[in-house]
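Peer 1: For reference, the structure I am asking about is given below.
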Amino acid sequence: MNDFSHGGNLRDAQDKYGIRRKGIIDFSANINPSGLPPGTKRLISRNINNIINYPDQDSKLLTGALSDKHSIDTDNIIIGNGSNELIYLLLNSFSPKKVIIPAPSYSEYERASLAAGASCVFLNILTGGKIDFDLKNISKDIDGTSELIFICNPHNPTGKLWSREELEYLINECQKTDTIILADEAFTAFIPDEEKYSVVELLRSYSNLAVLKSMTKIYAIPGLRLGYLLGSKELISKMKSKQPNWQVNSLAQDIGPYLLRDNGYLSKSKVLISRLKDQLYHELKEFDWIDPYYPSVNFILCRLKDPAIDSKRLGEYLVRNHSILIRDCSNFRGLDNSYIRLAVKSEKENLKLIKCLKGFNRGL
């Protein structure tokens with residue numbers, strides 16, 4: 001596998017298809033459909049003059065806000081230019097020889113591992129089109145030769161959600177062989193009862209656990225790039241020694257603490273997304289050639305059941321005729337061109353997608 005492309009590439013769509021960027025409806029990137037939290041644009045405008053100075057290389061205000069949010073010491077926190085940077089930083093800091101990655105999964109796990117010189121062991125999540133993956137089964141692969149395991153929860157792209165108890169079993173087994181668990185919780189903030197699934201509290205008990213968080217998706221600021229990782233003081237110290245200065249820009253540092261205080265936006269977003277995802281899922285179930293996986297968060301993996309329809313053909317139809325982007329999942333390891341992923345957008349946008357899919361259906 002050497003195609004590590006992602007969704008959300010509006011510039012590419014604009015250049016390739018000659019469509020206006022503002023007219024694109026992007027179902028390929030899993031961003032909060034609520035849009036920017038109230039007051040964010042005003043705060044950016046107020047702080048825009050700060051970009052003439054270097055940002056605080058220690059991100060002290062944002063680190064303090066995260067410390068308060070998670071009731072964790074600042075020495076257990078590292079902030080990065082998006083959570084993706086921290087995946088690479090973790091791999092480069094520890095240079096593992098072998099890692100375990102459930103497949104399909106976010107492709108940057110593999111890319112970062114290969115860049116750090118590690119070999120990858122892939123464990124299939126899908127069996128015969130069904131999500132069939134018990135974390136306890138990984139324990140047989142923990143023999144001391146694999147030094148790092150990636151677990152994305154909720155899982156991207158399937159939407160599979162594991163309980164904290166299931167994850168703790170795996171973390172405990174890994175601790176016996178000093179195997180690091182990277183729990184990627186990029187989408188946990190979208191879950192109404194996220195405390196049942198997040199493993200942040202387990203950091204007090206397990207030194208082999210690292211928890212990755214993304215602020216860009218839930219707060220709809222992917223262009224600002226803001227993520228952080230929580231872990232043991234030893235792990236964080238080692239990562240910071242490898243991290244270049246000024247990785248987090250001034251605007252991201254200014255906005256971060258403000259976003260963390262806005263619980264009203266989060267709670268409203270969770271209620272909205274819960275309703276929209278169920279609504280979109282049931283609309284998709286009406287198509288006899290689409291098999292959607294029930295979503296736990298703000299995206300839906302779909303299998304195209306008709307052999308005459310593949311992800312490229314459907315994607316080309318939607319972008320050329322309706323300026324709609326979807327995520328072609330054929331470059332996910334373990335998937336093929338019979339899979340697509342759809343972000344949950346606003347009700348109006350979701351309904352337009354369904355209408356366009358019906359138009360495609362009539363043309364078959």
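The way I read the labels, and the way they are meant: chains A, B, ... in the order of the structure tokens, residue 1 as the first residue of every chain, and ligand 1 as the first ligand shown, with later ones counted on from there.
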Could you name the residues that touch range 85-92 of chain A at 7 Å or less, counting only C-alpha atoms, but leaving out those on the same chain fewer than 2 positions away, as a ChimeraX atom specification?
Peer 2: /A:80-83,94-96,112-113,116,239,243
Peer 1: Those same residues, written as a compact mmCIF listing (two decimals), in the first residue's frame with N, CA, C and O atoms?
Peer 2:
```txt
# COMPACT_ATOMS: atom_id res chain seq x y z
N GLY A 80 0.43 19.47 19.83
CA GLY A 80 1.05 19.44 18.52
C GLY A 80 0.25 20.15 17.46
O GLY A 80 -0.88 20.60 17.68
N ASN A 81 0.86 20.26 16.30
CA ASN A 81 0.25 20.88 15.12
C ASN A 81 -0.73 19.87 14.50
O ASN A 81 -0.50 19.30 13.44
N GLY A 82 -1.83 19.63 15.24
CA GLY A 82 -2.76 18.57 14.88
C GLY A 82 -2.31 17.27 15.52
O GLY A 82 -1.13 17.06 15.82
N SER A 83 -3.26 16.36 15.74
CA SER A 83 -2.91 15.07 16.36
C SER A 83 -2.02 14.24 15.46
O SER A 83 -1.24 13.41 15.93
N PHE A 94 10.47 6.79 19.83
CA PHE A 94 10.72 5.45 20.38
C PHE A 94 11.27 4.46 19.36
O PHE A 94 11.78 3.40 19.74
N SER A 95 11.17 4.76 18.09
CA SER A 95 11.71 3.91 17.02
C SER A 95 11.44 2.43 17.24
O SER A 95 12.37 1.61 17.32
N PRO A 96 10.16 2.04 17.35
CA PRO A 96 9.85 0.62 17.55
C PRO A 96 10.22 -0.20 16.31
O PRO A 96 10.17 0.30 15.18
N ALA A 112 3.45 6.59 9.34
CA ALA A 112 4.38 7.05 10.37
C ALA A 112 5.29 5.91 10.84
O ALA A 112 6.48 6.12 11.10
N SER A 113 4.74 4.71 10.94
CA SER A 113 5.52 3.56 11.38
C SER A 113 6.61 3.22 10.37
O SER A 113 7.77 2.99 10.73
N ALA A 116 9.44 5.60 10.44
CA ALA A 116 10.33 5.41 11.59
C ALA A 116 11.10 4.09 11.51
O ALA A 116 11.84 3.75 12.44
N MET A 239 9.20 12.67 24.09
CA MET A 239 8.62 13.25 22.88
C MET A 239 8.98 14.72 22.74
O MET A 239 9.32 15.20 21.66
N GLN A 243 10.67 17.20 19.68
CA GLN A 243 9.74 18.10 19.00
C GLN A 243 10.39 19.44 18.69
O GLN A 243 10.95 20.08 19.58
```
Peer 1: Find the spatial neighbours of Ile79 in chain A, counting only C-alpha atoms, within a cut-off of 12 Å - ignore same-chain residues fewer than 3 positions away - and output them as a compact mmCIF listing (two decimals) with C-alpha atoms, in the first residue's frame.
Peer 2:
```
# COMPACT_ATOMS: atom_id res chain seq x y z
CA ASP A 56 4.90 30.61 23.01
CA GLN A 57 7.02 27.55 22.32
CA ASP A 58 5.67 25.85 25.48
CA SER A 59 1.98 26.67 24.83
CA LYS A 60 1.63 27.41 28.55
CA LEU A 61 -1.92 28.80 28.55
CA LEU A 62 -3.31 25.96 26.45
CA THR A 63 -1.38 23.33 28.40
CA GLY A 64 -2.81 24.78 31.63
CA ALA A 65 -6.35 24.67 30.22
CA LEU A 66 -5.90 21.04 29.19
CA SER A 67 -4.47 20.24 32.62
CA THR A 74 1.09 19.62 32.74
CA ASP A 75 4.11 17.29 32.52
CA ASN A 76 1.73 14.62 31.20
CA GLY A 82 -2.76 18.57 14.88
CA SER A 83 -2.91 15.07 16.36
CA ASN A 84 -1.29 13.70 13.21
CA GLU A 85 2.03 15.34 14.02
CA LEU A 86 2.05 13.64 17.40
CA ILE A 87 1.67 10.18 15.81
CA LEU A 89 6.59 12.29 16.95
CA VAL A 211 -4.07 8.93 24.68
CA LEU A 212 -4.28 11.01 21.52
CA LYS A 213 -6.88 13.78 21.23
CA SER A 214 -7.92 16.02 18.34
CA MET A 215 -9.51 19.44 18.76
CA ARG A 225 -4.28 22.18 13.30
CA LEU A 226 -4.54 21.48 17.01
CA GLY A 227 -4.15 18.19 18.86
CA TYR A 228 -2.57 16.85 22.02
CA LEU A 229 -1.33 13.65 23.61
CA LEU A 230 -1.56 12.55 27.25
CA GLY A 231 0.86 10.05 28.73
CA ILE A 236 6.02 13.06 27.25
CA MET A 239 8.62 13.25 22.88
CA LYS A 240 9.25 16.88 23.81
CA GLN A 243 9.74 18.10 19.00
CA PRO A 244 10.87 21.24 17.12
CA ASN A 245 10.06 24.61 18.65
CA TRP A 246 7.00 26.67 17.67
CA GLN A 247 4.88 23.74 16.49
CA VAL A 248 1.62 25.35 17.65
CA ASN A 249 0.76 28.65 16.02
CA ALA A 252 -4.38 28.01 17.83
CA GLN A 253 -2.89 28.78 21.25
CA GLY A 256 -7.66 26.56 22.39
```
Peer 1: Using only C-alpha atoms, which residues sit within 7 Å of range 338-342 of chain A once same-chain residues fewer than 5 positions away are excluded, as a VMD selection string?
Peer 2: chain A and resid 27 to 28 299 to 304 310 to 311 326 to 330
Peer 1: Would you mind telling me which residue in A:Arg333, A:Lys358, A:His322, A:Lys242 lies nearest to Phe287 in chain A when using only C-alpha atoms?
Peer 2: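 Checking each candidate against Phe287 in chain A, we get A:Lys358 as the closest.
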Peer 1: Enumerate the residues of range 146-209 of chain A with a DSSP assignment of strand (DSSP E or B), computed from the backbone, and present them as a VMD selection string.
Peer 2: chain A and resid 148 to 152 180 to 184 209
Peer 1: Suppose you want the space between CA of Phe187 in chain A and CA of Ser296 in chain A; what is it in Å?
Peer 2: 9.6 Å
Peer 1: List the spatial neighbours of range 37-42 of chain A as a list in words - criterion: any atom at most 9 Å away, only C-alpha atoms, same-chain residues fewer than 5 positions off excluded.
Peer 2: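 Listing them by chain and then by number gives Asn47, Tyr219, Ala220, Ile255, Tyr258, Leu259, Asp262, Tyr265 and Leu266 of chain A.
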Peer 1: Wanna dump the range 116-166 of chain A-range 196-206 of chain A contacts at 9 Å for me, each residue with its shortest atom pair and the distance in Å to one decimal, counting only C-alpha atoms, ordered by chain and number, as CSV?
Peer 2:
```
residue,atom,partner,partner_atom,distance
A:Asn153,CA,A:Tyr197,CA,8.0
A:Pro154,CA,A:Tyr197,CA,8.6
A:Leu161,CA,A:Tyr197,CA,8.0
A:Trp162,CA,A:Tyr197,CA,6.9
A:Ser163,CA,A:Tyr197,CA,5.1
A:Arg164,CA,A:Tyr197,CA,4.7
A:Glu165,CA,A:Tyr197,CA,8.3
```
Peer 1: Give me, please, the distance in Å between CA of Ser346 in chain A and CA of Ile131 in chain A, quoted to one decimal.
Peer 2: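 Distance reported for this atom pair: 27.2 Å.
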Peer 1: Between range 1-77 of chain A and range 317-321 of chain A, at 12 Å or less, what are the per-residue closest atom pairs and their distances in Å? Count only C-alpha atoms, order by chain and rising residue number, and return it as JSON lines.
Peer 2:
```
{"residue": "A:Leu10", "atom": "CA", "partner": "A:Val319", "partner_atom": "CA", "distance": 11.0}
{"residue": "A:Asp12", "atom": "CA", "partner": "A:Val319", "partner_atom": "CA", "distance": 11.7}
{"residue": "A:Ala13", "atom": "CA", "partner": "A:Val319", "partner_atom": "CA", "distance": 8.1}
{"residue": "A:Gln14", "atom": "CA", "partner": "A:Val319", "partner_atom": "CA", "distance": 10.0}
{"residue": "A:Lys16", "atom": "CA", "partner": "A:Arg320", "partner_atom": "CA", "distance": 10.0}
{"residue": "A:Tyr17", "atom": "CA", "partner": "A:Arg320", "partner_atom": "CA", "distance": 6.7}
{"residue": "A:Gly18", "atom": "CA", "partner": "A:Arg320", "partner_atom": "CA", "distance": 9.2}
{"residue": "A:Ile19", "atom": "CA", "partner": "A:Arg320", "partner_atom": "CA", "distance": 8.5}
{"residue": "A:Arg20", "atom": "CA", "partner": "A:Val319", "partner_atom": "CA", "distance": 11.4}
{"residue": "A:Arg21", "atom": "CA", "partner": "A:Val319", "partner_atom": "CA", "distance": 11.7}
{"residue": "A:Gly23", "atom": "CA", "partner": "A:Val319", "partner_atom": "CA", "distance": 10.7}
{"residue": "A:Ile24", "atom": "CA", "partner": "A:Val319", "partner_atom": "CA", "distance": 8.2}
{"residue": "A:Ile25", "atom": "CA", "partner": "A:Val319", "partner_atom": "CA", "distance": 8.9}
{"residue": "A:Asp26", "atom": "CA", "partner": "A:Val319", "partner_atom": "CA", "distance": 9.6}
{"residue": "A:Phe27", "atom": "CA", "partner": "A:Leu318", "partner_atom": "CA", "distance": 10.6}
{"residue": "A:Ser28", "atom": "CA", "partner": "A:Val319", "partner_atom": "CA", "distance": 11.2}
```
Peer 1: Please produce a file of the residues just selected, as a PDB file, in the first residue's frame, where the atoms kept are N, CA and C atoms.
Peer 2:
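Everything below was put into again_0.pdb:
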```
ATOM      1  N   LEU A  10     -10.170  19.837  -0.860  1.00  0.00           N
ATOM      2  CA  LEU A  10     -11.017  20.700  -1.670  1.00  0.00           C
ATOM      3  C   LEU A  10     -10.237  21.332  -2.822  1.00  0.00           C
ATOM      4  N   ASP A  12      -7.798  20.041  -4.535  1.00  0.00           N
ATOM      5  CA  ASP A  12      -7.655  19.049  -5.590  1.00  0.00           C
ATOM      6  C   ASP A  12      -8.946  18.920  -6.395  1.00  0.00           C
ATOM      7  N   ALA A  13     -10.081  18.902  -5.698  1.00  0.00           N
ATOM      8  CA  ALA A  13     -11.375  18.795  -6.383  1.00  0.00           C
ATOM      9  C   ALA A  13     -11.638  20.026  -7.240  1.00  0.00           C
ATOM     10  N   GLN A  14     -11.282  21.177  -6.708  1.00  0.00           N
ATOM     11  CA  GLN A  14     -11.477  22.428  -7.440  1.00  0.00           C
ATOM     12  C   GLN A  14     -10.660  22.427  -8.732  1.00  0.00           C
ATOM     13  N   LYS A  16      -9.253  19.766 -10.318  1.00  0.00           N
ATOM     14  CA  LYS A  16      -9.515  18.624 -11.190  1.00  0.00           C
ATOM     15  C   LYS A  16     -10.835  18.755 -11.936  1.00  0.00           C
ATOM     16  N   TYR A  17     -11.863  19.269 -11.232  1.00  0.00           N
ATOM     17  CA  TYR A  17     -13.200  19.275 -11.824  1.00  0.00           C
ATOM     18  C   TYR A  17     -13.678  20.673 -12.219  1.00  0.00           C
ATOM     19  N   GLY A  18     -12.869  21.690 -11.947  1.00  0.00           N
ATOM     20  CA  GLY A  18     -13.236  23.037 -12.338  1.00  0.00           C
ATOM     21  C   GLY A  18     -14.475  23.555 -11.635  1.00  0.00           C
ATOM     22  N   ILE A  19     -14.632  23.220 -10.363  1.00  0.00           N
ATOM     23  CA  ILE A  19     -15.790  23.678  -9.596  1.00  0.00           C
ATOM     24  C   ILE A  19     -15.338  24.674  -8.527  1.00  0.00           C
ATOM     25  N   ARG A  20     -16.249  25.547  -8.149  1.00  0.00           N
ATOM     26  CA  ARG A  20     -15.915  26.548  -7.144  1.00  0.00           C
ATOM     27  C   ARG A  20     -15.755  25.896  -5.779  1.00  0.00           C
ATOM     28  N   ARG A  21     -14.724  26.292  -5.073  1.00  0.00           N
ATOM     29  CA  ARG A  21     -14.450  25.711  -3.751  1.00  0.00           C
ATOM     30  C   ARG A  21     -15.614  25.939  -2.793  1.00  0.00           C
ATOM     31  N   GLY A  23     -18.642  26.100  -3.473  1.00  0.00           N
ATOM     32  CA  GLY A  23     -19.823  25.331  -3.854  1.00  0.00           C
ATOM     33  C   GLY A  23     -19.725  23.855  -3.532  1.00  0.00           C
ATOM     34  N   ILE A  24     -18.572  23.405  -3.028  1.00  0.00           N
ATOM     35  CA  ILE A  24     -18.368  21.983  -2.740  1.00  0.00           C
ATOM     36  C   ILE A  24     -19.028  21.608  -1.418  1.00  0.00           C
ATOM     37  N   ILE A  25     -19.751  20.501  -1.414  1.00  0.00           N
ATOM     38  CA  ILE A  25     -20.277  19.926  -0.171  1.00  0.00           C
ATOM     39  C   ILE A  25     -19.398  18.724   0.162  1.00  0.00           C
ATOM     40  N   ASP A  26     -18.657  18.829   1.225  1.00  0.00           N
ATOM     41  CA  ASP A  26     -17.602  17.854   1.527  1.00  0.00           C
ATOM     42  C   ASP A  26     -18.066  16.800   2.534  1.00  0.00           C
ATOM     43  N   PHE A  27     -18.460  15.639   2.020  1.00  0.00           N
ATOM     44  CA  PHE A  27     -18.808  14.504   2.865  1.00  0.00           C
ATOM     45  C   PHE A  27     -17.596  13.599   3.101  1.00  0.00           C
ATOM     46  N   SER A  28     -16.427  14.021   2.616  1.00  0.00           N
ATOM     47  CA  SER A  28     -15.243  13.159   2.729  1.00  0.00           C
ATOM     48  C   SER A  28     -14.449  13.402   4.002  1.00  0.00           C
TER      49      SER A  28
END
```
Peer 1: Could you list, as a PDB file with N, CA and C atoms, in the first residue's frame, every residue within 12 Å of Phe133 in chain A, counting only C-alpha atoms and ignoring same-chain residues fewer than 5 positions away?
Peer 2:
```pdb
ATOM      1  N   PRO A 102      -4.730  -2.504  13.704  1.00  0.00           N
ATOM      2  CA  PRO A 102      -5.972  -3.067  13.171  1.00  0.00           C
ATOM      3  C   PRO A 102      -6.236  -2.496  11.781  1.00  0.00           C
ATOM      4  N   ALA A 103      -6.749  -3.336  10.888  1.00  0.00           N
ATOM      5  CA  ALA A 103      -7.014  -2.885   9.521  1.00  0.00           C
ATOM      6  C   ALA A 103      -8.460  -3.194   9.135  1.00  0.00           C
ATOM      7  N   PRO A 104      -9.150  -2.243   8.496  1.00  0.00           N
ATOM      8  CA  PRO A 104      -8.654  -0.936   8.074  1.00  0.00           C
ATOM      9  C   PRO A 104      -8.508   0.022   9.249  1.00  0.00           C
ATOM     10  N   LEU A 123      -4.077  -6.541  11.713  1.00  0.00           N
ATOM     11  CA  LEU A 123      -5.107  -7.446  12.206  1.00  0.00           C
ATOM     12  C   LEU A 123      -6.449  -7.019  11.616  1.00  0.00           C
ATOM     13  N   ASN A 124      -7.141  -7.932  10.953  1.00  0.00           N
ATOM     14  CA  ASN A 124      -8.377  -7.600  10.249  1.00  0.00           C
ATOM     15  C   ASN A 124      -9.532  -7.337  11.207  1.00  0.00           C
ATOM     16  N   ILE A 125     -10.199  -6.204  11.000  1.00  0.00           N
ATOM     17  CA  ILE A 125     -11.398  -5.869  11.770  1.00  0.00           C
ATOM     18  C   ILE A 125     -12.647  -6.403  11.090  1.00  0.00           C
ATOM     19  N   LEU A 126     -12.635  -6.409   9.746  1.00  0.00           N
ATOM     20  CA  LEU A 126     -13.782  -6.871   8.975  1.00  0.00           C
ATOM     21  C   LEU A 126     -13.577  -8.311   8.516  1.00  0.00           C
ATOM     22  N   THR A 127     -14.589  -9.144   8.742  1.00  0.00           N
ATOM     23  CA  THR A 127     -14.580 -10.522   8.273  1.00  0.00           C
ATOM     24  C   THR A 127     -15.863 -10.764   7.504  1.00  0.00           C
ATOM     25  N   ILE A 138      -6.253  -9.822  20.499  1.00  0.00           N
ATOM     26  CA  ILE A 138      -4.928  -9.255  20.224  1.00  0.00           C
ATOM     27  C   ILE A 138      -3.894  -9.812  21.192  1.00  0.00           C
ATOM     28  N   ILE A 151      -4.798   1.743  18.625  1.00  0.00           N
ATOM     29  CA  ILE A 151      -6.227   1.485  18.764  1.00  0.00           C
ATOM     30  C   ILE A 151      -6.972   2.812  18.609  1.00  0.00           C
ATOM     31  N   HIS A 155     -13.585   3.782  16.156  1.00  0.00           N
ATOM     32  CA  HIS A 155     -12.681   3.372  15.088  1.00  0.00           C
ATOM     33  C   HIS A 155     -13.023   4.047  13.766  1.00  0.00           C
ATOM     34  N   THR A 158     -14.662   2.337  10.416  1.00  0.00           N
ATOM     35  CA  THR A 158     -15.847   1.486  10.593  1.00  0.00           C
ATOM     36  C   THR A 158     -16.866   2.056  11.577  1.00  0.00           C
ATOM     37  N   LYS A 160     -16.686   1.375  14.730  1.00  0.00           N
ATOM     38  CA  LYS A 160     -16.700   0.424  15.845  1.00  0.00           C
ATOM     39  C   LYS A 160     -16.310   1.135  17.135  1.00  0.00           C
ATOM     40  N   LEU A 161     -17.030   0.832  18.215  1.00  0.00           N
ATOM     41  CA  LEU A 161     -16.786   1.478  19.502  1.00  0.00           C
ATOM     42  C   LEU A 161     -16.562   0.416  20.566  1.00  0.00           C
ATOM     43  N   TRP A 162     -15.408   0.474  21.229  1.00  0.00           N
ATOM     44  CA  TRP A 162     -15.096  -0.458  22.304  1.00  0.00           C
ATOM     45  C   TRP A 162     -15.297   0.210  23.656  1.00  0.00           C
ATOM     46  N   GLU A 166     -13.101  -3.121  27.858  1.00  0.00           N
ATOM     47  CA  GLU A 166     -12.412  -3.903  26.827  1.00  0.00           C
ATOM     48  C   GLU A 166     -11.012  -3.361  26.584  1.00  0.00           C
TER      49      GLU A 166
END
```
Peer 1: Can you list, as a ChimeraX atom specification, every residue of range 42-167 of chain A that DSSP puts in alpha helix (DSSP H)?
Peer 2: /A:42-47,60-70,83-94,108-115,164-167
Peer 1: Produce a file of the selected residues containing C-alpha atoms, as an mmCIF file, in the first residue's frame.
Peer 2:
```cif
data_model
loop_
_atom_site.group_PDB
_atom_site.id
_atom_site.type_symbol
_atom_site.label_atom_id
_atom_site.label_comp_id
_atom_site.auth_asym_id
_atom_site.auth_seq_id
_atom_site.Cartn_x
_atom_site.Cartn_y
_atom_site.Cartn_z
ATOM 1 C CA ARG A 42 -14.391 37.336 16.789
ATOM 2 C CA LEU A 43 -11.591 35.921 18.942
ATOM 3 C CA ILE A 44 -9.417 35.272 15.878
ATOM 4 C CA SER A 45 -9.983 38.852 14.722
ATOM 5 C CA ARG A 46 -9.046 40.231 18.160
ATOM 6 C CA ASN A 47 -5.825 38.222 18.259
ATOM 7 C CA LYS A 60 1.634 27.411 28.552
ATOM 8 C CA LEU A 61 -1.920 28.801 28.553
ATOM 9 C CA LEU A 62 -3.310 25.964 26.452
ATOM 10 C CA THR A 63 -1.383 23.334 28.403
ATOM 11 C CA GLY A 64 -2.814 24.778 31.629
ATOM 12 C CA ALA A 65 -6.348 24.667 30.216
ATOM 13 C CA LEU A 66 -5.896 21.038 29.192
ATOM 14 C CA SER A 67 -4.466 20.241 32.618
ATOM 15 C CA ASP A 68 -7.621 21.635 34.234
ATOM 16 C CA LYS A 69 -9.914 19.840 31.778
ATOM 17 C CA HIS A 70 -8.421 16.395 32.362
ATOM 18 C CA SER A 83 -2.914 15.074 16.363
ATOM 19 C CA ASN A 84 -1.289 13.701 13.209
ATOM 20 C CA GLU A 85 2.033 15.345 14.023
ATOM 21 C CA LEU A 86 2.049 13.637 17.404
ATOM 22 C CA ILE A 87 1.675 10.184 15.815
ATOM 23 C CA TYR A 88 4.904 10.782 13.903
ATOM 24 C CA LEU A 89 6.586 12.293 16.946
ATOM 25 C CA LEU A 90 5.709 9.272 19.097
ATOM 26 C CA LEU A 91 7.114 6.865 16.491
ATOM 27 C CA ASN A 92 10.274 8.921 15.988
ATOM 28 C CA SER A 93 10.797 9.195 19.747
ATOM 29 C CA PHE A 94 10.718 5.446 20.383
ATOM 30 C CA GLU A 108 -1.099 7.627 8.944
ATOM 31 C CA TYR A 109 -0.461 4.921 11.562
ATOM 32 C CA GLU A 110 1.172 2.811 8.879
ATOM 33 C CA ARG A 111 2.855 5.726 7.147
ATOM 34 C CA ALA A 112 4.384 7.050 10.365
ATOM 35 C CA SER A 113 5.517 3.555 11.380
ATOM 36 C CA LEU A 114 7.224 2.923 8.046
ATOM 37 C CA ALA A 115 8.873 6.354 8.187
ATOM 38 C CA ARG A 164 -13.324 1.216 28.458
ATOM 39 C CA GLU A 165 -13.381 -2.216 30.104
ATOM 40 C CA GLU A 166 -12.412 -3.903 26.827
ATOM 41 C CA LEU A 167 -9.595 -1.439 26.310
#
```
Peer 1: Just give me the gap between CA of Lys97 in chain A and CA of Ala183 in chain A in Å, one decimal is fine.
Peer 2: 19.2 Å
Peer 1: Pick the closest to Asn350 in chain A from A:Ala210, A:Leu280, A:Ile100, A:Leu335: which is it, counting only C-alpha atoms?
Peer 2: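 For Asn350 in chain A, the nearest of the given residues is A:Leu280.
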